[in-house]
Structures are given as structure tokens and as C-alpha cells.
file entry.txt (compact mmCIF, C-alpha atoms)
# COMPACT_ATOMS: atom_id res chain seq x y z
CA MET A 1 -6.68 39.11 -9.99
CA ALA A 2 -7.82 35.91 -8.30
CA GLU A 3 -6.06 33.84 -10.96
CA GLU A 4 -2.86 35.80 -10.41
CA MET A 5 -3.07 35.24 -6.66
CA THR A 6 -3.61 31.51 -7.20
CA ALA A 7 -0.65 31.35 -9.56
CA ILE A 8 1.49 33.02 -6.95
CA ALA A 9 0.22 30.78 -4.14
CA LYS A 10 0.96 27.52 -5.93
CA PRO A 11 4.69 28.06 -6.36
CA SER A 12 4.83 29.23 -2.75
CA GLY A 13 3.14 26.05 -1.56
CA TRP A 14 5.34 23.93 -3.83
CA MET A 15 8.49 25.64 -2.55
CA ARG A 16 7.39 25.05 1.04
CA ALA A 17 6.76 21.37 0.32
CA ARG A 18 10.21 21.02 -1.29
CA ARG A 19 11.87 22.78 1.61
CA VAL A 20 10.09 20.63 4.19
CA ALA A 21 10.96 17.48 2.22
CA ARG A 22 14.61 18.55 2.09
CA ASP A 23 14.73 19.29 5.83
CA VAL A 24 12.97 16.03 6.68
CA THR A 25 15.41 14.10 4.47
CA VAL A 26 18.45 15.70 6.10
CA THR A 27 17.24 15.22 9.66
CA THR A 28 15.84 11.72 9.30
CA SER A 29 18.89 10.51 7.37
CA SER A 30 21.25 11.77 10.05
CA SER A 31 18.97 10.36 12.74
CA GLY A 32 18.95 7.00 10.99
CA VAL A 33 22.74 6.88 11.05
CA ALA A 34 22.79 8.15 14.66
CA ALA A 35 20.25 5.49 15.64
CA LEU A 36 22.42 2.83 14.01
CA CYS A 37 25.39 4.15 15.99
CA SER A 38 23.31 3.96 19.17
CA ILE A 39 22.38 0.34 18.46
CA ILE A 40 26.04 -0.56 17.89
CA ALA A 41 27.06 1.23 21.10
CA LEU A 42 24.20 -0.47 22.96
CA ALA A 43 25.33 -3.88 21.70
CA LEU A 44 28.93 -3.26 22.77
CA ASN A 45 28.06 -1.80 26.17
CA ALA A 46 25.39 -4.38 27.04
CA ARG A 47 27.67 -7.28 26.19
CA SER A 48 30.72 -5.79 27.87
CA LEU A 49 29.12 -4.69 31.13
CA GLY A 50 26.57 -7.47 31.59
CA PRO A 51 22.96 -7.03 32.82
CA ALA A 52 23.85 -5.84 36.35
CA ASP A 53 26.44 -3.13 35.53
CA PHE A 54 24.55 -2.11 32.39
CA GLY A 55 21.42 -1.73 34.53
CA THR A 56 23.35 0.53 36.91
CA LEU A 57 24.60 2.67 34.02
CA ALA A 58 21.09 2.86 32.58
CA VAL A 59 19.59 3.99 35.89
CA ILE A 60 22.25 6.71 36.30
CA GLN A 61 21.69 7.97 32.75
CA ALA A 62 17.91 7.91 33.19
CA TYR A 63 18.17 9.82 36.47
CA VAL A 64 20.36 12.55 34.96
CA ALA A 65 18.07 12.78 31.91
CA PHE A 66 15.04 13.06 34.21
CA ILE A 67 16.60 15.88 36.24
CA SER A 68 17.68 17.58 33.01
CA GLY A 69 14.10 17.54 31.77
CA LEU A 70 12.80 18.69 35.13
CA ALA A 71 15.22 21.55 35.80
CA THR A 72 16.13 22.74 32.31
CA PHE A 73 13.91 24.25 29.61
CA GLU A 74 12.90 23.34 26.07
CA SER A 75 14.00 26.80 24.99
CA TRP A 76 14.08 25.95 21.27
CA GLN A 77 10.28 25.99 21.02
CA PRO A 78 9.80 29.51 22.48
CA VAL A 79 12.58 30.77 20.19
CA ILE A 80 10.63 29.49 17.18
CA ARG A 81 7.22 30.60 18.44
CA LEU A 82 8.38 34.15 19.22
CA SER A 83 10.46 34.59 16.08
CA ALA A 84 8.35 32.79 13.46
CA LYS A 85 6.23 35.87 12.66
CA SER A 86 8.91 38.53 13.12
CA ARG A 87 12.60 37.81 12.62
CA SER A 88 13.41 41.05 14.46
CA ARG A 89 12.60 39.13 17.65
CA LEU A 90 15.24 36.50 16.97
CA GLY A 91 18.04 38.40 18.74
CA PRO A 92 16.03 39.07 21.92
CA ALA A 93 14.58 35.54 21.90
CA ALA A 94 18.01 33.94 21.49
CA SER A 95 19.46 36.17 24.22
CA CYS A 96 16.68 35.19 26.62
CA GLY A 97 17.15 31.55 25.71
CA ILE A 98 20.89 31.62 26.41
CA ALA A 99 20.37 33.34 29.77
CA LEU A 100 17.76 30.75 30.69
CA ASP A 101 19.87 27.81 29.50
CA VAL A 102 22.92 28.88 31.51
CA SER A 103 20.91 29.46 34.69
CA ALA A 104 19.01 26.20 34.32
CA ALA A 105 22.23 24.23 33.75
CA PHE A 106 23.59 25.24 37.15
CA VAL A 107 20.26 24.57 38.85
CA ALA A 108 19.95 21.15 37.20
CA THR A 109 23.45 20.13 38.32
CA ALA A 110 22.78 21.17 41.91
CA VAL A 111 19.40 19.44 42.00
CA ALA A 112 20.82 16.23 40.48
CA MET A 113 23.67 16.02 42.99
CA GLY A 114 21.43 16.84 45.92
CA GLY A 115 18.91 14.22 44.85
CA ILE A 116 21.58 11.53 44.63
CA LEU A 117 22.81 12.31 48.14
CA LEU A 118 19.31 12.44 49.62
CA PHE A 119 17.34 9.63 47.96
CA GLY A 120 19.65 7.85 45.51
CA GLU A 121 18.85 4.35 46.81
CA THR A 122 15.12 4.93 46.34
CA ILE A 123 15.55 5.15 42.55
CA GLY A 124 18.04 2.30 42.30
CA VAL A 125 21.38 4.14 42.76
CA SER A 126 23.07 2.16 45.53
CA HIS A 127 25.48 3.71 48.03
CA GLN A 128 28.53 2.24 46.28
CA ASN A 129 27.43 3.72 42.95
CA ARG A 130 26.69 7.19 44.34
CA LEU A 131 30.03 8.64 43.18
CA LEU A 132 29.40 7.42 39.63
CA ALA A 133 26.05 9.21 39.55
CA LEU A 134 27.65 12.41 40.89
CA ILE A 135 30.30 12.29 38.15
CA TYR A 136 27.71 11.79 35.42
CA SER A 137 25.63 14.68 36.83
CA LEU A 138 28.45 17.11 36.03
CA ALA A 139 27.53 16.79 32.34
CA LEU A 140 24.43 18.86 33.15
CA LEU A 141 26.65 21.95 33.40
CA ALA A 142 26.92 21.83 29.60
CA SER A 143 23.14 21.72 28.98
CA LEU A 144 23.26 24.69 26.60
CA ALA A 145 21.90 23.19 23.37
CA GLY A 146 18.26 24.31 23.63
CA THR A 147 18.56 27.82 22.20
CA PRO A 148 21.10 26.86 19.50
CA LYS A 149 18.69 24.22 18.19
CA GLY A 150 15.85 26.73 18.04
CA VAL A 151 17.86 29.37 16.17
CA LEU A 152 19.40 26.91 13.73
CA ARG A 153 16.04 25.25 12.99
CA LEU A 154 14.37 28.59 12.44
CA LYS A 155 17.13 29.61 10.02
CA GLY A 156 16.86 26.28 8.20
CA ARG A 157 20.36 25.12 9.24
CA TYR A 158 19.34 21.53 9.88
CA ASP A 159 22.64 20.45 8.34
CA VAL A 160 24.53 21.87 11.32
CA ILE A 161 22.37 20.00 13.83
CA ALA A 162 22.55 16.83 11.76
CA GLY A 163 26.34 17.03 11.49
CA ASN A 164 26.69 17.46 15.23
CA GLN A 165 24.36 14.53 15.84
CA LEU A 166 26.36 12.29 13.52
CA ALA A 167 29.62 13.31 15.18
CA GLN A 168 28.21 12.42 18.60
CA GLY A 169 26.95 9.04 17.37
CA ILE A 170 30.31 8.14 15.83
CA ALA A 171 32.16 9.29 18.97
CA VAL A 172 29.97 7.09 21.19
CA VAL A 173 30.57 4.05 18.97
CA LEU A 174 34.34 4.56 18.89
CA ALA A 175 34.46 5.12 22.64
CA SER A 176 32.33 2.04 23.31
CA LEU A 177 34.56 -0.03 21.03
CA VAL A 178 37.70 1.07 22.89
CA LEU A 179 36.10 0.51 26.30
CA TRP A 180 34.97 -2.97 25.23
CA ALA A 181 38.42 -3.83 23.83
CA VAL A 182 40.25 -2.89 27.03
CA THR A 183 37.55 -4.40 29.31
CA ALA A 184 37.10 -1.06 31.03
CA PRO A 185 35.33 -0.82 34.41
CA LEU A 186 31.96 0.86 34.88
CA VAL A 187 33.53 4.11 36.09
CA ALA A 188 35.31 4.53 32.73
CA TYR A 189 32.01 4.19 30.89
CA VAL A 190 30.44 6.84 33.12
CA VAL A 191 33.26 9.36 32.63
CA VAL A 192 33.64 8.88 28.87
CA LEU A 193 29.93 8.90 28.00
CA ALA A 194 29.30 11.96 30.19
CA ALA A 195 32.16 13.80 28.48
CA ILE A 196 30.84 13.00 25.01
CA GLY A 197 27.35 14.24 25.93
CA ALA A 198 28.75 17.48 27.36
CA LEU A 199 30.94 18.06 24.30
CA TYR A 200 27.90 17.66 22.00
CA ASN A 201 26.02 20.43 23.80
CA LEU A 202 29.01 22.76 24.01
CA THR A 203 29.77 22.32 20.31
CA LEU A 204 26.23 23.34 19.35
CA PHE A 205 26.49 26.39 21.60
CA VAL A 206 29.72 27.47 19.90
CA ARG A 207 28.10 26.96 16.49
CA LEU A 208 25.27 29.28 17.58
CA LEU A 209 27.73 32.02 18.52
CA VAL A 210 29.50 31.67 15.17
CA HIS A 211 26.21 31.68 13.26
CA ALA A 212 24.91 34.71 15.21
CA ARG A 213 28.04 36.70 14.39
CA ARG A 214 27.90 35.70 10.72
CA GLU A 215 24.18 36.52 10.38
CA ASN A 216 24.42 39.71 12.47
CA ILE A 217 22.07 38.37 15.16
CA LYS A 218 22.67 40.64 18.12
CA LEU A 219 22.95 38.84 21.46
CA PHE A 220 22.78 40.78 24.75
CA ASN A 221 21.95 40.43 28.42
CA PRO A 222 18.13 40.66 28.53
CA LEU A 223 18.09 41.52 32.24
CA ARG A 224 19.85 44.88 31.88
CA SER A 225 16.83 46.86 30.68
CA HIS A 226 13.16 47.03 31.64
CA SER A 227 12.00 46.02 28.15
CA GLY A 228 14.51 43.17 28.12
CA ARG A 229 13.26 41.87 31.47
CA ARG A 230 9.68 42.08 30.26
CA PHE A 231 10.52 40.09 27.14
CA PHE A 232 12.47 37.61 29.25
CA TRP A 233 9.42 37.09 31.44
CA ILE A 234 7.28 36.32 28.37
CA PHE A 235 9.96 33.91 27.16
CA LEU A 236 10.19 32.29 30.60
CA VAL A 237 6.44 31.70 30.81
CA MET A 238 6.42 30.06 27.38
CA ALA A 239 9.54 28.03 28.14
CA THR A 240 8.12 26.86 31.46
CA GLY A 241 5.02 25.52 29.74
CA THR A 242 6.98 23.64 27.10
CA SER A 243 9.49 22.41 29.70
CA LEU A 244 6.76 21.01 31.92
CA LEU A 245 5.19 19.39 28.89
CA SER A 246 8.45 17.81 27.79
CA THR A 247 9.16 16.63 31.34
CA LEU A 248 5.76 14.99 31.65
CA VAL A 249 6.09 13.34 28.23
CA ASN A 250 9.47 11.80 29.08
CA ALA A 251 8.82 11.18 32.77
CA ARG A 252 7.00 7.89 32.20
CA ARG A 253 10.06 6.36 30.52
CA HIS A 254 12.38 7.33 33.34
CA VAL A 255 9.92 6.51 36.12
CA ALA A 256 9.37 3.06 34.61
CA LEU A 257 13.09 2.27 34.84
CA PHE A 258 13.22 3.61 38.41
CA LEU A 259 10.30 1.34 39.33
CA VAL A 260 11.96 -1.69 37.76
CA ALA A 261 15.30 -0.97 39.48
CA GLY A 262 13.68 -0.23 42.85
CA LEU A 263 11.28 -3.20 42.80
CA LEU A 264 13.18 -5.85 40.85
CA GLY A 265 16.89 -4.95 41.01
CA ASP A 266 19.77 -4.08 38.66
CA VAL A 267 19.53 -7.18 36.45
CA ALA A 268 15.86 -6.52 35.68
CA ALA A 269 16.73 -2.86 35.09
CA GLY A 270 19.35 -3.95 32.58
CA SER A 271 16.84 -6.05 30.62
CA TYR A 272 14.20 -3.32 30.73
CA SER A 273 16.74 -0.70 29.67
CA VAL A 274 17.78 -2.75 26.63
CA ALA A 275 14.15 -3.15 25.54
CA SER A 276 13.38 0.51 26.23
CA ARG A 277 16.43 1.84 24.38
CA LEU A 278 15.72 -0.32 21.35
CA ALA A 279 12.08 0.79 21.39
CA THR A 280 12.97 4.46 21.78
CA MET A 281 15.10 4.28 18.66
CA MET A 282 11.73 5.25 17.19
CA SER A 283 12.03 8.55 19.02
CA ARG A 284 15.60 8.96 17.80
CA LEU A 285 14.35 8.60 14.25
CA THR A 286 11.19 10.69 14.60
CA GLY A 287 12.58 13.34 16.97
CA PRO A 288 14.19 15.37 14.16
CA LEU A 289 11.05 14.81 12.10
CA ASN A 290 9.13 16.47 14.92
CA GLN A 291 11.61 19.34 14.88
CA VAL A 292 10.72 19.96 11.22
CA VAL A 293 7.01 19.24 11.59
CA PHE A 294 6.52 21.44 14.67
CA PRO A 295 7.34 24.81 13.04
CA GLU A 296 5.54 23.85 9.82
CA ILE A 297 2.33 22.81 11.60
CA ALA A 298 2.60 25.96 13.73
CA LYS A 299 2.83 28.11 10.59
CA LEU A 300 -0.07 26.31 8.91
CA SER A 301 -2.18 26.71 12.04
CA ASN A 302 -1.63 30.47 11.91
CA GLU A 303 -2.03 30.85 8.14
CA GLU A 304 -4.74 28.41 7.01
CA SER A 305 -8.49 28.79 7.45
CA PRO A 306 -10.02 26.67 10.26
CA ALA A 307 -11.98 24.50 7.80
CA ARG A 308 -8.91 23.72 5.69
CA LEU A 309 -6.82 23.13 8.80
CA ASN A 310 -9.41 20.63 10.00
CA ARG A 311 -9.22 18.71 6.71
CA LEU A 312 -5.42 18.68 6.79
CA ASN A 313 -5.45 17.43 10.37
CA ALA A 314 -7.82 14.58 9.46
CA ARG A 315 -5.60 13.47 6.57
CA ILE A 316 -2.42 13.61 8.61
CA THR A 317 -4.10 11.68 11.44
CA LEU A 318 -5.23 8.90 9.10
CA VAL A 319 -1.86 8.53 7.37
CA SER A 320 0.19 8.65 10.58
CA ALA A 321 -2.10 6.11 12.28
CA CYS A 322 -1.70 3.65 9.41
CA VAL A 323 2.09 4.05 9.36
CA ALA A 324 2.30 3.61 13.14
CA ALA A 325 0.12 0.48 13.06
CA CYS A 326 2.30 -1.14 10.39
CA MET A 327 5.45 -0.34 12.35
CA ALA A 328 3.99 -1.75 15.58
CA ALA A 329 3.06 -4.97 13.75
CA GLY A 330 6.62 -5.22 12.46
CA GLY A 331 7.94 -4.84 16.01
CA ILE A 332 5.78 -7.73 17.19
CA VAL A 333 6.99 -10.01 14.39
CA LEU A 334 10.68 -9.12 14.77
CA GLN A 335 10.84 -8.70 18.55
CA LYS A 336 13.20 -11.57 19.40
CA LEU A 337 15.42 -11.07 16.36
CA VAL A 338 15.88 -7.38 17.17
CA VAL A 339 16.73 -7.89 20.85
CA VAL A 340 19.07 -10.88 20.44
CA LEU A 341 20.83 -9.34 17.45
CA ALA A 342 21.32 -6.03 19.22
CA ALA A 343 22.14 -7.04 22.78
CA GLY A 344 22.87 -10.77 22.76
CA SER A 345 21.16 -13.90 24.01
CA ALA A 346 21.60 -12.83 27.65
CA TYR A 347 18.78 -10.33 27.08
CA ALA A 348 16.42 -12.65 25.13
CA GLU A 349 13.74 -12.34 27.85
CA ALA A 350 13.44 -8.66 26.99
CA SER A 351 11.84 -9.49 23.60
CA LEU A 352 8.25 -9.12 24.81
CA LEU A 353 9.15 -5.93 26.63
CA PHE A 354 10.55 -4.52 23.40
CA ALA A 355 7.36 -5.33 21.45
CA ILE A 356 5.15 -3.65 24.07
CA LEU A 357 7.32 -0.56 24.46
CA PHE A 358 7.80 -0.23 20.71
CA ALA A 359 4.02 -0.20 20.22
CA ALA A 360 3.81 2.63 22.77
CA GLU A 361 6.45 4.58 20.83
CA CYS A 362 4.47 4.07 17.62
CA LEU A 363 1.45 5.67 19.28
CA GLY A 364 3.61 8.67 20.08
CA LEU A 365 4.62 8.89 16.43
CA ALA A 366 0.99 8.73 15.32
CA GLY A 367 0.08 11.70 17.54
CA MET A 368 3.14 13.85 16.81
CA HIS A 369 1.18 16.46 14.83
CA PHE A 370 -1.32 17.09 17.65
CA ASN A 371 1.31 18.83 19.80
CA PRO A 372 1.99 21.96 17.67
CA LEU A 373 -1.66 22.16 16.59
CA ILE A 374 -2.94 22.25 20.17
CA GLN A 375 -0.20 24.66 21.28
CA VAL A 376 -1.10 27.16 18.55
CA LEU A 377 -4.85 26.89 19.13
CA ALA A 378 -4.90 26.84 22.94
CA GLY A 379 -1.36 27.02 24.32
CA THR A 380 0.26 24.32 26.45
CA LYS A 381 -2.42 24.06 29.17
CA PRO A 382 -4.50 21.29 27.51
CA LEU A 383 -1.35 19.26 26.85
CA LEU A 384 -0.10 19.75 30.40
CA LYS A 385 -3.41 18.53 31.77
CA ILE A 386 -3.30 15.46 29.54
CA MET A 387 0.29 14.56 30.44
CA ALA A 388 -0.18 15.23 34.16
CA SER A 389 -3.27 13.02 34.15
CA ALA A 390 -1.25 10.35 32.35
CA ILE A 391 1.36 10.32 35.16
CA VAL A 392 -1.39 10.14 37.77
CA VAL A 393 -2.89 7.12 36.02
CA TYR A 394 0.46 5.50 35.19
CA LEU A 395 1.93 5.22 38.69
CA PRO A 396 -0.84 3.19 40.39
CA LEU A 397 -1.43 1.21 37.20
CA SER A 398 2.28 0.26 37.06
CA PHE A 399 2.29 -0.91 40.67
CA ALA A 400 -0.88 -2.92 40.11
CA LEU A 401 0.29 -4.56 36.87
CA SER A 402 3.80 -5.21 38.22
CA GLY A 403 2.23 -7.41 40.88
CA TRP A 404 0.36 -9.26 38.14
CA GLY A 405 3.01 -9.53 35.42
CA GLY A 406 6.27 -8.37 36.95
CA ILE A 407 8.49 -6.37 34.61
CA ALA A 408 6.09 -6.98 31.69
CA GLY A 409 3.25 -5.46 33.72
CA ILE A 410 5.11 -2.15 33.95
CA ALA A 411 5.57 -2.20 30.18
CA TRP A 412 1.87 -2.91 29.62
CA ALA A 413 0.99 0.03 31.86
CA GLY A 414 3.06 2.28 29.61
CA LEU A 415 1.29 1.06 26.49
CA ILE A 416 -2.17 1.54 28.01
CA VAL A 417 -1.37 5.08 29.14
CA SER A 418 0.14 5.93 25.71
CA ALA A 419 -3.12 4.84 24.06
CA LEU A 420 -5.11 7.02 26.48
CA VAL A 421 -2.84 10.02 25.77
CA TYR A 422 -3.24 9.57 22.01
CA ALA A 423 -7.04 9.40 22.31
CA ALA A 424 -7.14 12.48 24.56
CA MET A 425 -4.93 14.56 22.22
CA MET A 426 -7.01 13.60 19.21
CA ALA A 427 -10.25 14.52 21.03
CA VAL A 428 -8.85 17.87 22.24
CA SER A 429 -7.54 18.82 18.79
CA GLN A 430 -10.92 18.06 17.22
CA LEU A 431 -12.74 20.09 19.88
CA LEU A 432 -10.43 23.09 19.39
CA LEU A 433 -10.78 22.96 15.60
CA LYS A 434 -14.57 22.80 15.80
CA ARG A 435 -14.58 25.82 18.10
CA ARG A 436 -12.32 27.71 15.69
CA ILE A 437 -14.61 26.81 12.76
CA ARG A 438 -17.74 27.96 14.62
CA ALA A 439 -16.03 31.21 15.59
CA ALA A 440 -15.04 31.84 11.98
CA GLU A 441 -18.59 31.14 10.77
CA LEU A 442 -20.06 33.53 13.32
CA PHE A 443 -17.55 36.21 12.33
CA LEU A 444 -18.32 35.85 8.64
CA GLY A 445 -22.06 35.57 9.24
call {"tool": "encode", "arguments": {"input": "entry.txt", "output": "C-alpha cells"}}
result
Amino acid sequence: MAEEMTAIAKPSGWMRARRVARDVTVTTSSSGVAALCSIIALALNARSLGPADFGTLAVIQAYVAFISGLATFESWQPVIRLSAKSRSRLGPAASCGIALDVSAAFVATAVAMGGILLFGETIGVSHQNRLLALIYSLALLASLAGTPKGVLRLKGRYDVIAGNQLAQGIAVVLASLVLWAVTAPLVAYVVVLAAIGALYNLTLFVRLLVHARRENIKLFNPLRSHSGRRFFWIFLVMATGTSLLSTLVNARRHVALFLVAGLLGDVAAGSYSVASRLATMMSRLTGPLNQVVFPEIAKLSNEESPARLNRLNARITLVSACVAACMAAGGIVLQKLVVVLAAGSAYAEASLLFAILFAAECLGLAGMHFNPLIQVLAGTKPLLKIMASAIVVYLPLSFALSGWGGIAGIAWAGLIVSALVYAAMMAVSQLLLKRRIRAAELFLG
């Protein structure tokens, strides 16, 4: 009987590995092409606008992205967490996610516009650029892609997400090429790029509706019944945790640009933005990898024994750390070539910034697997504490190092805090696994 069970388990494990490899290939390939499109668009926009106007555009985009992360929810993760064990929950989870996404989109738009009117100059949006920021904020009304991504990932439809991502990347390149050719003003860039971002989100939402109808996934208003409201509350609590976590993770990138713009001006913001965007191409490449890894690590954490899970975690940690170290070394060697080739000689001083910020991104890649593991074992509270502490440390450290090294000091602060976050996540994951192993031993003993 044991031999039969082993024979059954092996094909199951092999099929899972093949499926994960297929999904990773699809998502990373599309992300690679999308990242290449982003680099081409960055090169066109940076050269066409110049450091000052490009810095203004970067600050506006960072502000809207920051408000989006603050006021909207990472609803795709609760959809997966609630529906991974029982697919009968997929309809209610998707319905709750859509209701939350729509509500949050209106709130995010209102908050973004109000923030621009109240304290725009504090974050580097000058009075004459206030209208541009208000126009770009309207794209937040279309922030409806969270739930569609969760449903499509859970159903294994990574091809749909990848196709949409590729279409967006190609659209941005074509638009940037046209804007560069006609020497368009900054306002044209704001309107066109905001429209493309909104269209990407709306297209994914429509694809969800089509997929739900085809797969007979019933969508409804979760607030109409008592049971629906109770399920919505559970979903909201989970989404709030993941949203706060996502906001804290991304806040340092946005806050860094706000600090540079507020302390050093638009030209410095343009240089920092070029370095940051080139460095965060790592996130563009590994983001879809995380979308595949997250549900798989979550499933393994629920299915595997604590001892085996601990061994798997150690192996993944070792391999990911080695890969990240090699990539960071490559960034140091190629720093000037990458920046000058991508953005032009006018941004050559951003080479060191790119090397520092790229190393910080590599640390994030190395610790990618800690996120789902900790969430399954202990929820989002440990991660929220780590990320909140990171912000608390980052702000005074950035001010202190900016006085010492200027714009490079702010970049060094980000790298130091990223290293501290990685160490804290590794320590917490080890502590939680050891507790789970001891609990299992006591139960068996």
C-alpha cells in the first residue's frame, strides 16, 4: 500500500513541477518582453523630455502609484488564499474582490486629488504642474485589476495576464515613439500614459467577466445577504493586511523619489528616477515569478510536514541568495553601460545610483519566498511589523545620509534597509518553522 501511495505521489509531484515550470516560463517570458518595452519607452521619454520634465513626470507617476497602493487593495492574494482549498469559494471571493476594488478605486481617486491640492508642493509637484497630476490621478478610477489577476492565476490562465501585459508594453512603446517624433509637450505624455494604464486595468476586468461566464463562476453583490456581508468582512480583513504590506513594501521607493524631488529638485529627481526605473526592472521580471511562487509556496506550506518544509526553505534560500549575489555583481560591473545605453549620456551620473538600487532589488528577489511562507504560518502581522519598522528606520537614515552623500546617500539608505528587511524575514521564517516542528513533535510524542 505504501509503495502504491508513493507511486501515485511521484507523478503528482512531477506534474506540479511541470505546471509550475510552464507558468514561470510564460510569465517571465512576457515580463522580459514587457521589461524590454519599458526600457525602450524610458529611453525615448528620458531623451525627449530632458531631466527636468522627466523628473516631473516621474514624481507624478510615483505619487499616483503611492496613493494607489495606499487606498486600494491587493485583492488577488485573498482570492487565492480563500479559494485555494475550496473552489466553491471562488465565486464569493471574486464577488467580494470586485466590490472592494470598485469602492477602493473611487476612494483612491478622491484621496489622490485631495492630496495634490493640499500638499502637492511638499512632494515635488509644483503649483504649475498641479493640473497634470490631477489628470493622471483620474487613471485610478480604473484600478480594477486586482481580483481579475487573482481569479486568472488561480485558474492557471497566466497566458491571459501575460498577453495583456505584452499589449500594454507595446502600446507604451508605440505611444512614446509617436510623442518623441512630434516633440509632444509634457501634458501629452501625462494624458496618453494615464490612458494606457487605465485601459490595461479595464481590459483585465472585462476578461474576468468573460472568463467567469464561460466557467460558470457566479458573481453577485456580497452585501445583500448576512452571510455575504460576513464573508466580505473576512475578505476585507485579509485584503487590508496584504494591502498594508504591499504599501509598506513599495513605500520606500516612492518616498525616496519624493525626498529627492523635495530636497534636490526636478533635475535630481529625473536622474534618480532613471536609476530607480532601470533597477526596478528586476521587479518587473520577478513580479510574475512571485505571482506563480506565492500560491505554490502557500500550497506547500499547507501540505508538507514542518520538517520537510524547513529543508525546502533552506534550499530555496541558498539558491536564491546565490542568484541574487551574482546579479548584483553584474549590476556593479555594467552600471555605466546600462544607464548610458538606456537613457543617454545626460544621465551618466545616475550610474552609481543604479548599482546601489539594483543591489537592493536583488535582495528583494532573494527573499521573495519568505512572504508566502510567513503569511501561511503566522498571517501578515510579522511582515507588517517588519515593513513598518523598515519605514521608521529608512526616513531618518535617508535624511542623515542625504546630508553626507546627497542623492547617493538616499540610495545607500535604501540598500541598508533592504538588507535589514531580508535578515529580519529570514530570522522570522526560521523561528516560525522551528515552532511548527516542535509543535508537531509534541503532537506525535
call {"tool": "atom_distance", "arguments": {"input": "entry.txt", "atom1": "CA of His369 in chain A", "atom2": "CA of Ile316 in chain A"}}
result
7.7 Å
call {"tool": "closest_atom_pairs", "arguments": {"input": "entry.txt", "of": "range 341-381 of chain A", "to": "range 63-79 of chain A", "cutoff": "12 Å", "atoms": "only C-alpha atoms", "output": "tab-separated table"}}
result
residue	atom	partner	partner_atom	distance
A:Asn371	CA	A:Gln77	CA	11.5
A:Pro372	CA	A:Gln77	CA	9.8
A:Gln375	CA	A:Gln77	CA	10.6
A:Val376	CA	A:Gln77	CA	11.7
A:Gly379	CA	A:Pro78	CA	11.6
A:Thr380	CA	A:Gln77	CA	11.5
call {"tool": "residues_around", "arguments": {"input": "entry.txt", "residues": "Val333 in chain A", "least_positions_apart": "2", "cutoff": "12 Å", "atoms": "all atoms listed in the file", "output": "PyMOL selection string"}}
result
chain A and resi 326-331+335-339+351-352+354-356+358-359
call {"tool": "atom_distance", "arguments": {"input": "entry.txt", "atom1": "CA of Leu44 in chain A", "atom2": "CA of Val274 in chain A"}}
result
11.8 Å
call {"tool": "atom_distance", "arguments": {"input": "entry.txt", "atom1": "CA of Leu193 in chain A", "atom2": "CA of Ala139 in chain A"}}
result
9.3 Å
call {"tool": "residues_around", "arguments": {"input": "entry.txt", "residues": "range 390-399 of chain A", "least_positions_apart": "3", "cutoff": "9 Å", "atoms": "all atoms listed in the file", "output": "list in words"}}
result
Leu248, Val249, Ala251, Arg252, Val255, Ala256, Leu259, Lys385, Ile386, Met387, Ser402, Gly403, Trp404, Gly409, Ile410, Ala411, Trp412, Ala413, Gly414, Ile416, Val417, Ser418, Leu420 and Val421 of chain A
call {"tool": "closest_residue", "arguments": {"input": "entry.txt", "among": "A:Pro306, A:Gly146, A:Gly97, A:Gly344", "to": "Ser271 in chain A", "atoms": "all atoms listed in the file"}}
result
A:Gly344
call {"tool": "closest_residue", "arguments": {"input": "entry.txt", "among": "A:Ala110, A:Leu209, A:Ala424, A:Leu202", "to": "Ser143 in chain A", "atoms": "all atoms listed in the file"}}
result
A:Leu202
call {"tool": "residues_around", "arguments": {"input": "entry.txt", "residues": "Thr122 in chain A", "least_positions_apart": "2", "cutoff": "10 Å", "atoms": "all atoms listed in the file", "output": "list in words"}}
result
Ile116, Leu118, Phe119, Gly120, Gly124, Val125, Ser126, Phe258, Leu259, Ala261, Gly262 and Leu263 of chain A
call {"tool": "residues_around", "arguments": {"input": "entry.txt", "residues": "range 167-184 of chain A", "least_positions_apart": "6", "cutoff": "6 Å", "atoms": "only C-alpha atoms", "output": "number ranges by chain"}}
result
A: 34, 37, 41, 48
call {"tool": "closest_residue", "arguments": {"input": "entry.txt", "among": "A:Leu132, A:Leu433, A:Ala58, A:Leu257", "to": "Ala307 in chain A", "atoms": "only C-alpha atoms"}}
result
A:Leu433
call {"tool": "closest_residue", "arguments": {"input": "entry.txt", "among": "A:Arg89, A:Pro148, A:Thr109, A:Gly114", "to": "Phe205 in chain A", "atoms": "all atoms listed in the file"}}
result
A:Pro148
